Amino acid sequence: MASSAAALVSTTRNTIGKTKLTFKFRLFSISPFSSSSSSSFSTLCRNQQFFTPSHSPPVPKKVPFTVSAHGTKWQDPYHWMSNPNDPDFIDHLRQENSYADAFMKDTEELQRTLYSEMISRMPSEISTPPERWGPWLYYQFIPEGKEYPVLCRKLASGGKSWMKNAVDYMVKGSLKEQILLDWNEVAEMYGYVHVGTCRVSPDNNFLAYTLDVTGDEQFFLQVKDLRRNSVISNHRVEGVVSLAWAQDGSTLFYTLCDQNQRPYRVHCTKIGSDSMNDIHLFEESDSRFCVDITSTKDGKYITVNSNSRTSSEEKLPYSLFFGVYVINAVNPQSEMQRFRKRVSGVQHFLEHHHGFFYFLTNAPLSKDEVFGVGNYYLGRCRAENLHNVENIILPNEDMGFVDMDIFNEHLVLFVNKDGSSSICSIDMRNFSNCEEKMRLDDLNPWFFPLPSDMCSLSPGSNHDFVNAVYRVVLSSPVMPDVIMDYDMSSKTSIVVQQEDMPDMNFRPKCYSQNHKKNELDDIRSRKQKDLKDFSDTYVCEKKEVISHDGIRIPLTILYSKEVHKQGQSPGLLHGYGAYGETTDKSWCPDRLSLLDRGWVFAFADVRGGAGPDPSWHTWGSGLQKLNSIHDFVSCGQYLVDEGYVHEQQLSAIAHSAGCFLLGAAINMYPHMFRAAVLKVPFLDVCNTLLETNLPLTILDYEEFGNPQIESHFCNILKISPYDNIREKFCYPSMLVMSSFNDSRVGIWEAAKWVARVREVTCSMCSSSVILRSNMTGGHFGEGGRFGHCEETAHEYAFLLKSSGYL
């Protein structure tokens with residue numbers, strides 16, 4: 001999650017674009033991990049080293065239940081928990097919460113200290129520099145003392161450059177501000193808020209957005225008339241996921257979910273009409289596929305994509321498209337055309353530019369070519385002849401294409417070069433003499449200059465098709481988020497804003513209503529040499545760890561120069577390893593509370609997540625899932641062997657699907673970890689994948705395997721965390737966090753895991769395994785920046801206690 005101005009910019013596309021808004025929060029500490037704590041390290045049961053409640057943890061009832069598949073039978077006495085409305089289960093969760101509170105009782109002062117550190121690092125008001133779209137300047141800010149952001153806009157002055165307009169707008173306040181959407185008002189009304197998709201109509205008159213007000217991710221559509229500042233009541237539709245406007249500004253396309261939360265239908269509505277008369281345009285009947293819609297950057301077409309997988313966490317850079325259709329947004333009543341038929345494994349990402357479709361694809365270039373994962377190239381065809389590819393642009397030998405964006409005068413390509421992310425732009429005029437097949441270098445690309453220690457690169461909204469400036473948010477574990485603007489015409493770049501750190505002697509210039517005009521003008525000449533980082537205080541190292549089969553696994557290691565002690569420090573290993581996602585290594589001040597206490601943070605980019613090439617995901621999914629677990633364990637062992645972390649002070653943390661990775665690693669090597677934090681964990685993998693009526697189950701077969709296939713079933717059962725808990729072994733202390741309204745990972749998965757661990761493992765160790773359930777929130781928790789601070793303080797206090805800090 002992110003609360004920085006840069007993070008708000010990076011998600012502006014979510015408020016005028018595609019996906020949900022998230023936050024990343026801040027914390028800081030000044031007390032190093034005391035060396036005396038290391039002297040208490042012991043090979044005895046870990047819970048003997050710290051306070052545990054005098055009473056025993058809750059013991060749930062056991063109800064006989066037999067599970068069978070492919071001739072194999074096994075008992076699951078906690079199956080009854082899969083009914084979250086069972087009064088006995090609800091009572092059990094409340095007992096677990098009481099036990100967790102008692103266990104953490106002696107950390108209350110520490111939690112308050114950690115929380116204060118986080119709050120002290122937050123700017124009183126967080127705002128984003130404005131971005132122009134049409135005649136308007138859009139921006140977001142979090143008001144002082146508030147949890148959530150507010151989306152606003154002001155009319156830009158005519159006849160001026162976008163930079164001049166931004167200066168006038170922020171300094172002079174000459175034009176009236178209009179609030180489009182205030183998350184805080186929604187939260188106050190319903191007690192919970194999660195904004196899914198949010199898009200402004202092309203004529204700037206309407207705002208269409210989706211809301212989840214319970215945490216179960218059952219989003220409903222609302223349309224706001226921005227001229228009258230009122231919500232249109234007859235356009236509320238339940239179960240909406242994605243949105244796209246036609247160019248007339250009154251025709252809205254949207255997708256609907258089935259009972260398993262699979263977006264499967266496309267509808268069209270006319271603003272001002274009765275929503276009961278909405279037109280049904282398309283339906284995907286195959287339960288293995290879900291449907292997504294979006295508009296091209298120029299707004300002239302709407303793409304309908306039927307794809308085989310949707311991420312359980314965040315939307316991937318582009319989905320795996322298995323069927324692509326286009327709708328003429330200028331004439332939305334026209335017939336939908338198929339761009340490409342469904343071909344297994346072939347992927348497309350589509351944009352439109354002056355009568356041509358540009359698309360990234362991995363489709364074989366010839367009939368003799370064997371399909372391979374990745375190996376994307378750029379193709380071009382005329383809009384009136386979708387099936388005749390005129391030009392093909394191949395990446396250079398040392399790189400691969402990852403994503404694309406398009407503007408009136410420039411094409412932007414995201415590339416992976418030698419394992420590192422880069423961005424380049426190409427003048428669209430270079431395509432006028434484009435040959436049938438060319439290499440990227442033939443188009444004279446301009447590669448954006450990036451900091452050498454950059455770990456995270458994400459685009460801003462960049463919603464204005466006619467703009468020549470591309471906005472990017474850069475970050476690293478030792479560099480606060482930076483908003484960079486790259487002028488693709490002049491091939492120059494400027495630092496627009498860098499995240500403020502109020503509690504450190506570090507206050508870079510940024511857009512603010514309190515800044516003087518001359519300060520804002522100075523921004524135009526700032527270069528990357530002006531970027532501030534904390535590399536003098538904290539060390540960020542990139543290593544490669546040899547896994548069980550000789551493959552080199554990227555590992556990023558972060559620690560304090562001053563208080564880290566070779567071979568003595570505690571450490572926290574992060575892992576995810578699914579859906580082709582990378583671990584979040586962006587700047588996060590909350591880490592400072594552990595770094596300044598001597599902790600080491602490490603991020604393992606194991607197979608199954610994002611890696612050096614597209615095959616990295618494939619080699620850690622399905623039947624190859626065991627690779628990701630071995631990779632994670634190898635990274636943990638490396639931290640100990642190389643003296644980064646004390647051999648008895650390595651902890652680990654994972655979220656959702658990443659808990660499959662961590663839970664399996666704990667089962668394989670229960671003595672490796674001192675403590676573990678598992679958040680909304682996917683642990684009861686085999687049982688869940690056998691239940692085809694659960695949300696996301698069928699869509700997850702590609703990621704984890706299909707248990708309807710015997711070979712897949714055997715592989716899943718062999719590594720499913722819940723089904724492989726080691727009897728009589730000492731397990732690490734564990735904080736397991738779940739949410740009652742979580743529709744992605746059932747709350748029973750966490751409860752069943754904790755009950756089973758307590759039942760069969762060392763009884764003394766398992767008394768330090770606690771379950772904390774949010775009885776009202778969903779998969780992404782609840783609360784804004786302050787609520788997140790409380791949650792993080794609780795997690796860190798648990799880790800500090802488990803490591804012997806108290």
# chains A, B, ... in the order shown; residues from 1 in each chain; ligands from 1

$ select_by_dssp --residues "stretch 467-652 of chain A" --states "strand (DSSP E or B)" --output "VMD selection string"
chain A and resid 469 to 476 479 to 487 492 to 498 501 506 538 to 546 552 to 560 571 to 574 600 to 604 607 609 650 to 652

$ select_by_dssp --residues "stretch 242-483 of chain A" --states "helix (DSSP H, G or I)" --output "NGL selection string"
:A and (275-277 or 428-431 or 440-443)

$ write_last_selection --atoms "C-alpha atoms" --output "PDB file, in the first residue's frame"
ATOM      1  CA  SER A 275     -30.380   0.552 -16.539  1.00  0.00           C
ATOM      2  CA  MET A 276     -32.924  -2.267 -16.924  1.00  0.00           C
ATOM      3  CA  ASN A 277     -32.640  -1.659 -20.690  1.00  0.00           C
ATOM      4  CA  MET A 428       5.815   7.699 -34.574  1.00  0.00           C
ATOM      5  CA  ARG A 429       7.102   9.296 -37.790  1.00  0.00           C
ATOM      6  CA  ASN A 430       9.768   6.598 -37.862  1.00  0.00           C
ATOM      7  CA  PHE A 431       7.049   4.082 -38.699  1.00  0.00           C
ATOM      8  CA  LEU A 440      14.123  -1.927 -32.389  1.00  0.00           C
ATOM      9  CA  ASP A 441      17.416  -0.155 -33.048  1.00  0.00           C
ATOM     10  CA  ASP A 442      16.289   0.532 -36.620  1.00  0.00           C
ATOM     11  CA  LEU A 443      13.640   2.931 -35.239  1.00  0.00           C
TER      12      LEU A 443
END

$ atom_distance --atom1 "atom CA of A:Gln95" --atom2 "atom CA of A:His779"
21.3 Å

$ closest_atom_pairs --of "stretch 235-300 of chain A" --to "stretch 670-694 of chain A" --cutoff "12 Å" --atoms "only C-alpha atoms" --output "JSON lines"
{"residue": "A:Asp258", "atom": "CA", "partner": "A:Asn693", "partner_atom": "CA", "distance": 10.9}
{"residue": "A:Gln259", "atom": "CA", "partner": "A:Asn693", "partner_atom": "CA", "distance": 8.4}
{"residue": "A:Asn260", "atom": "CA", "partner": "A:Leu694", "partner_atom": "CA", "distance": 6.1}
{"residue": "A:Gln261", "atom": "CA", "partner": "A:Leu694", "partner_atom": "CA", "distance": 8.9}
{"residue": "A:Arg262", "atom": "CA", "partner": "A:Leu694", "partner_atom": "CA", "distance": 10.4}
{"residue": "A:Ser287", "atom": "CA", "partner": "A:Thr692", "partner_atom": "CA", "distance": 9.9}
{"residue": "A:Arg288", "atom": "CA", "partner": "A:Thr692", "partner_atom": "CA", "distance": 10.8}

$ write_last_selection --atoms "N, CA and C atoms" --output "compact mmCIF listing (two decimals), in the first residue's frame"
# COMPACT_ATOMS: atom_id res chain seq x y z
N ASP A 258 -20.01 -13.48 -12.62
CA ASP A 258 -20.94 -14.55 -12.28
C ASP A 258 -20.85 -14.83 -10.78
N GLN A 259 -21.45 -15.92 -10.33
CA GLN A 259 -21.50 -16.21 -8.90
C GLN A 259 -20.14 -16.53 -8.32
N ASN A 260 -19.16 -16.85 -9.16
CA ASN A 260 -17.80 -17.12 -8.70
C ASN A 260 -16.87 -15.94 -8.90
N GLN A 261 -17.45 -14.75 -9.07
CA GLN A 261 -16.70 -13.52 -9.25
C GLN A 261 -15.84 -13.52 -10.51
N ARG A 262 -16.27 -14.28 -11.50
CA ARG A 262 -15.58 -14.30 -12.79
C ARG A 262 -16.26 -13.31 -13.73
N SER A 287 -15.82 -21.39 -18.26
CA SER A 287 -15.48 -20.94 -16.90
C SER A 287 -13.98 -20.79 -16.67
N ARG A 288 -13.16 -21.23 -17.62
CA ARG A 288 -11.71 -21.06 -17.48
C ARG A 288 -11.25 -19.67 -17.89

$ residues_around --residues "A:Pro332" --least-positions-apart "3" --cutoff "12 Å" --atoms "only C-alpha atoms" --output "CSV table (one decimal) with N, CA and C atoms, in the first residue's frame"
chain,number,residue,atom,x,y,z
A,244,ALA,N,-15.5,1.1,-19.7
A,244,ALA,CA,-14.9,1.8,-20.8
A,244,ALA,C,-16.0,2.7,-21.4
A,245,TRP,N,-15.6,3.9,-21.7
A,245,TRP,CA,-16.5,4.9,-22.3
A,245,TRP,C,-16.4,4.9,-23.8
A,246,ALA,N,-17.5,5.1,-24.5
A,246,ALA,CA,-17.5,5.4,-25.9
A,246,ALA,C,-17.2,6.9,-26.1
A,247,GLN,N,-16.9,7.3,-27.3
A,247,GLN,CA,-16.5,8.7,-27.5
A,247,GLN,C,-17.6,9.7,-27.3
A,248,ASP,N,-18.8,9.3,-27.4
A,248,ASP,CA,-19.9,10.2,-27.3
A,248,ASP,C,-20.1,10.7,-25.8
A,249,GLY,N,-19.4,10.1,-24.9
A,249,GLY,CA,-19.5,10.5,-23.5
A,249,GLY,C,-20.7,10.1,-22.7
A,250,SER,N,-21.6,9.4,-23.4
A,250,SER,CA,-22.8,9.0,-22.7
A,250,SER,C,-23.1,7.5,-22.8
A,251,THR,N,-22.3,6.8,-23.7
A,251,THR,CA,-22.4,5.3,-23.8
A,251,THR,C,-21.3,4.7,-23.0
A,252,LEU,N,-21.7,3.8,-22.0
A,252,LEU,CA,-20.7,3.2,-21.1
A,252,LEU,C,-20.8,1.7,-21.2
A,253,PHE,N,-19.6,1.1,-21.4
A,253,PHE,CA,-19.5,-0.4,-21.4
A,253,PHE,C,-19.0,-0.9,-20.1
A,267,HIS,N,-21.8,-5.6,-21.1
A,267,HIS,CA,-23.0,-4.8,-21.2
A,267,HIS,C,-22.7,-3.4,-21.7
A,268,CYS,N,-23.7,-2.8,-22.2
A,268,CYS,CA,-23.6,-1.4,-22.7
A,268,CYS,C,-24.9,-0.6,-22.1
A,269,THR,N,-24.6,0.5,-21.6
A,269,THR,CA,-25.7,1.4,-21.1
A,269,THR,C,-25.6,2.8,-21.6
A,270,LYS,N,-26.7,3.4,-21.7
A,270,LYS,CA,-26.8,4.8,-22.1
A,270,LYS,C,-27.1,5.7,-20.9
A,279,ILE,N,-27.9,-3.1,-22.8
A,279,ILE,CA,-27.7,-4.1,-23.9
A,279,ILE,C,-26.6,-5.1,-23.5
A,281,LEU,N,-23.9,-7.5,-24.8
A,281,LEU,CA,-23.1,-7.6,-26.1
A,281,LEU,C,-22.3,-8.9,-26.2
A,295,SER,N,-10.4,0.9,-23.1
A,295,SER,CA,-10.4,1.7,-24.3
A,295,SER,C,-9.0,1.9,-24.7
A,299,GLY,N,-9.0,6.7,-27.4
A,299,GLY,CA,-10.4,6.6,-27.2
A,299,GLY,C,-11.3,6.2,-28.3
A,300,LYS,N,-10.7,5.8,-29.4
A,300,LYS,CA,-11.4,5.5,-30.6
A,300,LYS,C,-11.9,4.0,-30.7
A,301,TYR,N,-11.3,3.2,-29.9
A,301,TYR,CA,-11.8,1.8,-29.9
A,301,TYR,C,-11.8,1.3,-28.5
A,302,ILE,N,-12.7,0.3,-28.3
A,302,ILE,CA,-12.8,-0.5,-27.0
A,302,ILE,C,-12.4,-1.9,-27.3
A,303,THR,N,-11.5,-2.4,-26.5
A,303,THR,CA,-11.1,-3.8,-26.7
A,303,THR,C,-11.8,-4.7,-25.6
A,326,VAL,N,-12.7,-6.0,-30.9
A,326,VAL,CA,-12.6,-4.5,-30.8
A,326,VAL,C,-14.0,-3.9,-31.2
A,327,ILE,N,-14.4,-2.8,-30.5
A,327,ILE,CA,-15.6,-2.1,-30.7
A,327,ILE,C,-15.2,-0.7,-31.1
A,328,ASN,N,-15.8,-0.2,-32.2
A,328,ASN,CA,-15.6,1.2,-32.6
A,328,ASN,C,-16.3,2.1,-31.6
A,329,ALA,N,-15.4,2.8,-30.8
A,329,ALA,CA,-16.0,3.7,-29.8
A,329,ALA,C,-16.6,5.0,-30.4
A,335,GLU,N,-21.0,-3.3,-35.1
A,335,GLU,CA,-20.8,-4.7,-34.7
A,335,GLU,C,-19.4,-4.9,-34.2
A,336,MET,N,-19.3,-5.7,-33.1
A,336,MET,CA,-18.0,-6.0,-32.6
A,336,MET,C,-17.2,-6.9,-33.5
A,337,GLN,N,-15.9,-6.6,-33.7
A,337,GLN,CA,-15.0,-7.3,-34.6
A,337,GLN,C,-14.0,-8.2,-33.9

$ residues_around --residues "A:Asn305" --least-positions-apart "2" --cutoff "6 Å" --atoms "only C-alpha atoms" --output "ChimeraX atom specification"
/A:291-292,321,323-324

$ atom_distance --atom1 "atom CA of A:His646" --atom2 "atom CA of A:Pro570"
6.0 Å

$ residues_around --residues "A:Asn97" --least-positions-apart "5" --cutoff "8 Å" --atoms "only C-alpha atoms" --output "VMD selection string"
chain A and resid 771 to 773

$ residues_around --residues "stretch 99-115 of chain A" --least-positions-apart "2" --cutoff "8 Å" --atoms "only C-alpha atoms" --output "ChimeraX atom specification"
/A:27-29,51-53,57-58,95-97,117-119,593,768,770-772,789-790,793-794,796-798,801,806

$ atom_distance --atom1 "atom CA of A:Phe141" --atom2 "atom CA of A:Ile126"
5.3 Å

$ closest_residue --among "A:Ser560, A:Thr128, A:Thr255, A:Ser285" --to "A:Cys540" --atoms "only C-alpha atoms"
A:Ser560

$ closest_residue --among "A:Thr296, A:Ser802, A:Asn375, A:Thr197" --to "A:Leu394" --atoms "only C-alpha atoms"
A:Asn375

$ residues_around --residues "A:Gly608" --least-positions-apart "4" --cutoff "6 Å" --atoms "only C-alpha atoms" --output "list in words"
Gly577, Ala578, Gly580, His617, Gly620 and Ser621 of chain A

$ write_last_selection --atoms "N, CA, C and O atoms" --output "mmCIF file, in the first residue's frame"
data_model
loop_
_atom_site.group_PDB
_atom_site.id
_atom_site.type_symbol
_atom_site.label_atom_id
_atom_site.label_comp_id
_atom_site.auth_asym_id
_atom_site.auth_seq_id
_atom_site.Cartn_x
_atom_site.Cartn_y
_atom_site.Cartn_z
ATOM 1 N N GLY A 577 6.215 -15.258 -5.263
ATOM 2 C CA GLY A 577 6.409 -16.404 -6.136
ATOM 3 C C GLY A 577 5.194 -16.921 -6.869
ATOM 4 O O GLY A 577 5.030 -18.130 -7.020
ATOM 5 N N ALA A 578 4.327 -16.019 -7.342
ATOM 6 C CA ALA A 578 3.146 -16.460 -8.093
ATOM 7 C C ALA A 578 2.715 -15.384 -9.078
ATOM 8 O O ALA A 578 3.085 -14.213 -8.949
ATOM 9 N N GLY A 580 3.531 -14.315 -11.825
ATOM 10 C CA GLY A 580 4.493 -13.480 -12.534
ATOM 11 C C GLY A 580 4.715 -12.140 -11.875
ATOM 12 O O GLY A 580 5.234 -11.212 -12.511
ATOM 13 N N HIS A 617 8.255 -17.212 -14.685
ATOM 14 C CA HIS A 617 6.960 -17.518 -14.077
ATOM 15 C C HIS A 617 6.575 -18.965 -14.343
ATOM 16 O O HIS A 617 6.136 -19.686 -13.437
ATOM 17 N N GLY A 620 7.936 -21.789 -12.175
ATOM 18 C CA GLY A 620 7.560 -21.821 -10.773
ATOM 19 C C GLY A 620 6.064 -21.927 -10.600
ATOM 20 O O GLY A 620 5.521 -21.529 -9.560
ATOM 21 N N SER A 621 5.379 -22.469 -11.605
ATOM 22 C CA SER A 621 3.928 -22.617 -11.524
ATOM 23 C C SER A 621 3.546 -24.022 -11.959
ATOM 24 O O SER A 621 4.344 -24.757 -12.545
#

$ decode --residues "stretch 246-257 of chain A" --atoms "all heavy atoms" --output "JSON list (two decimals), in the first residue's frame"
[["chain", "number", "residue", "atom", "x", "y", "z"],
["A", 246, "ALA", "N", -17.54, 5.11, -24.52],
["A", 246, "ALA", "CA", -17.51, 5.43, -25.95],
["A", 246, "ALA", "C", -17.21, 6.92, -26.09],
["A", 246, "ALA", "O", -17.29, 7.68, -25.12],
["A", 246, "ALA", "CB", -18.84, 5.08, -26.60],
["A", 247, "GLN", "N", -16.88, 7.35, -27.30],
["A", 247, "GLN", "CA", -16.46, 8.74, -27.49],
["A", 247, "GLN", "C", -17.59, 9.74, -27.34],
["A", 247, "GLN", "O", -17.34, 10.92, -27.12],
["A", 247, "GLN", "CB", -15.80, 8.91, -28.87],
["A", 247, "GLN", "CG", -14.35, 8.48, -28.89],
["A", 247, "GLN", "CD", -13.54, 9.26, -29.91],
["A", 247, "GLN", "OE1", -14.06, 9.70, -30.92],
["A", 247, "GLN", "NE2", -12.26, 9.45, -29.63],
["A", 248, "ASP", "N", -18.84, 9.29, -27.40],
["A", 248, "ASP", "CA", -19.94, 10.23, -27.26],
["A", 248, "ASP", "C", -20.12, 10.72, -25.82],
["A", 248, "ASP", "O", -20.88, 11.65, -25.56],
["A", 248, "ASP", "CB", -21.24, 9.63, -27.78],
["A", 248, "ASP", "CG", -21.66, 8.35, -27.03],
["A", 248, "ASP", "OD1", -21.07, 8.06, -25.97],
["A", 248, "ASP", "OD2", -22.57, 7.66, -27.51],
["A", 249, "GLY", "N", -19.40, 10.09, -24.87],
["A", 249, "GLY", "CA", -19.45, 10.54, -23.48],
["A", 249, "GLY", "C", -20.70, 10.13, -22.74],
["A", 249, "GLY", "O", -20.86, 10.45, -21.56],
["A", 250, "SER", "N", -21.61, 9.40, -23.40],
["A", 250, "SER", "CA", -22.84, 8.97, -22.73],
["A", 250, "SER", "C", -23.06, 7.46, -22.83],
["A", 250, "SER", "O", -23.95, 6.93, -22.17],
["A", 250, "SER", "CB", -24.05, 9.69, -23.32],
["A", 250, "SER", "OG", -24.18, 9.42, -24.71],
["A", 251, "THR", "N", -22.28, 6.78, -23.65],
["A", 251, "THR", "CA", -22.38, 5.33, -23.77],
["A", 251, "THR", "C", -21.27, 4.69, -22.95],
["A", 251, "THR", "O", -20.09, 4.97, -23.17],
["A", 251, "THR", "CB", -22.26, 4.88, -25.24],
["A", 251, "THR", "OG1", -23.27, 5.54, -26.01],
["A", 251, "THR", "CG2", -22.43, 3.38, -25.36],
["A", 252, "LEU", "N", -21.67, 3.84, -22.01],
["A", 252, "LEU", "CA", -20.72, 3.22, -21.09],
["A", 252, "LEU", "C", -20.79, 1.71, -21.21],
["A", 252, "LEU", "O", -21.87, 1.12, -21.14],
["A", 252, "LEU", "CB", -21.03, 3.64, -19.65],
["A", 252, "LEU", "CG", -20.15, 3.04, -18.55],
["A", 252, "LEU", "CD1", -18.70, 3.54, -18.68],
["A", 252, "LEU", "CD2", -20.71, 3.38, -17.17],
["A", 253, "PHE", "N", -19.61, 1.08, -21.40],
["A", 253, "PHE", "CA", -19.51, -0.37, -21.43],
["A", 253, "PHE", "C", -19.00, -0.86, -20.07],
["A", 253, "PHE", "O", -18.16, -0.21, -19.44],
["A", 253, "PHE", "CB", -18.54, -0.83, -22.54],
["A", 253, "PHE", "CG", -18.98, -0.46, -23.92],
["A", 253, "PHE", "CD1", -18.71, 0.79, -24.46],
["A", 253, "PHE", "CD2", -19.68, -1.38, -24.71],
["A", 253, "PHE", "CE1", -19.11, 1.13, -25.74],
["A", 253, "PHE", "CE2", -20.09, -1.05, -25.99],
["A", 253, "PHE", "CZ", -19.81, 0.21, -26.51],
["A", 254, "TYR", "N", -19.49, -2.03, -19.65],
["A", 254, "TYR", "CA", -19.01, -2.59, -18.38],
["A", 254, "TYR", "C", -19.10, -4.11, -18.41],
["A", 254, "TYR", "O", -19.85, -4.69, -19.21],
["A", 254, "TYR", "CB", -19.81, -2.03, -17.20],
["A", 254, "TYR", "CG", -21.29, -2.31, -17.20],
["A", 254, "TYR", "CD1", -21.81, -3.48, -16.63],
["A", 254, "TYR", "CD2", -22.20, -1.40, -17.77],
["A", 254, "TYR", "CE1", -23.17, -3.73, -16.62],
["A", 254, "TYR", "CE2", -23.56, -1.65, -17.77],
["A", 254, "TYR", "CZ", -24.05, -2.82, -17.19],
["A", 254, "TYR", "OH", -25.39, -3.07, -17.18],
["A", 255, "THR", "N", -18.30, -4.76, -17.55],
["A", 255, "THR", "CA", -18.34, -6.22, -17.43],
["A", 255, "THR", "C", -19.04, -6.61, -16.14],
["A", 255, "THR", "O", -18.94, -5.90, -15.13],
["A", 255, "THR", "CB", -16.93, -6.83, -17.44],
["A", 255, "THR", "OG1", -16.15, -6.27, -16.37],
["A", 255, "THR", "CG2", -16.23, -6.56, -18.76],
["A", 256, "LEU", "N", -19.72, -7.75, -16.18],
["A", 256, "LEU", "CA", -20.43, -8.29, -15.02],
["A", 256, "LEU", "C", -19.80, -9.61, -14.58],
["A", 256, "LEU", "O", -19.28, -10.37, -15.42],
["A", 256, "LEU", "CB", -21.90, -8.54, -15.35],
["A", 256, "LEU", "CG", -22.85, -7.34, -15.38],
["A", 256, "LEU", "CD1", -24.25, -7.81, -15.75],
["A", 256, "LEU", "CD2", -22.86, -6.63, -14.04],
["A", 257, "CYS", "N", -19.87, -9.91, -13.28],
["A", 257, "CYS", "CA", -19.34, -11.15, -12.71],
["A", 257, "CYS", "C", -20.44, -12.20, -12.58],
["A", 257, "CYS", "O", -21.62, -11.87, -12.41],
["A", 257, "CYS", "CB", -18.76, -10.89, -11.33],
["A", 257, "CYS", "SG", -17.12, -10.20, -11.35]]
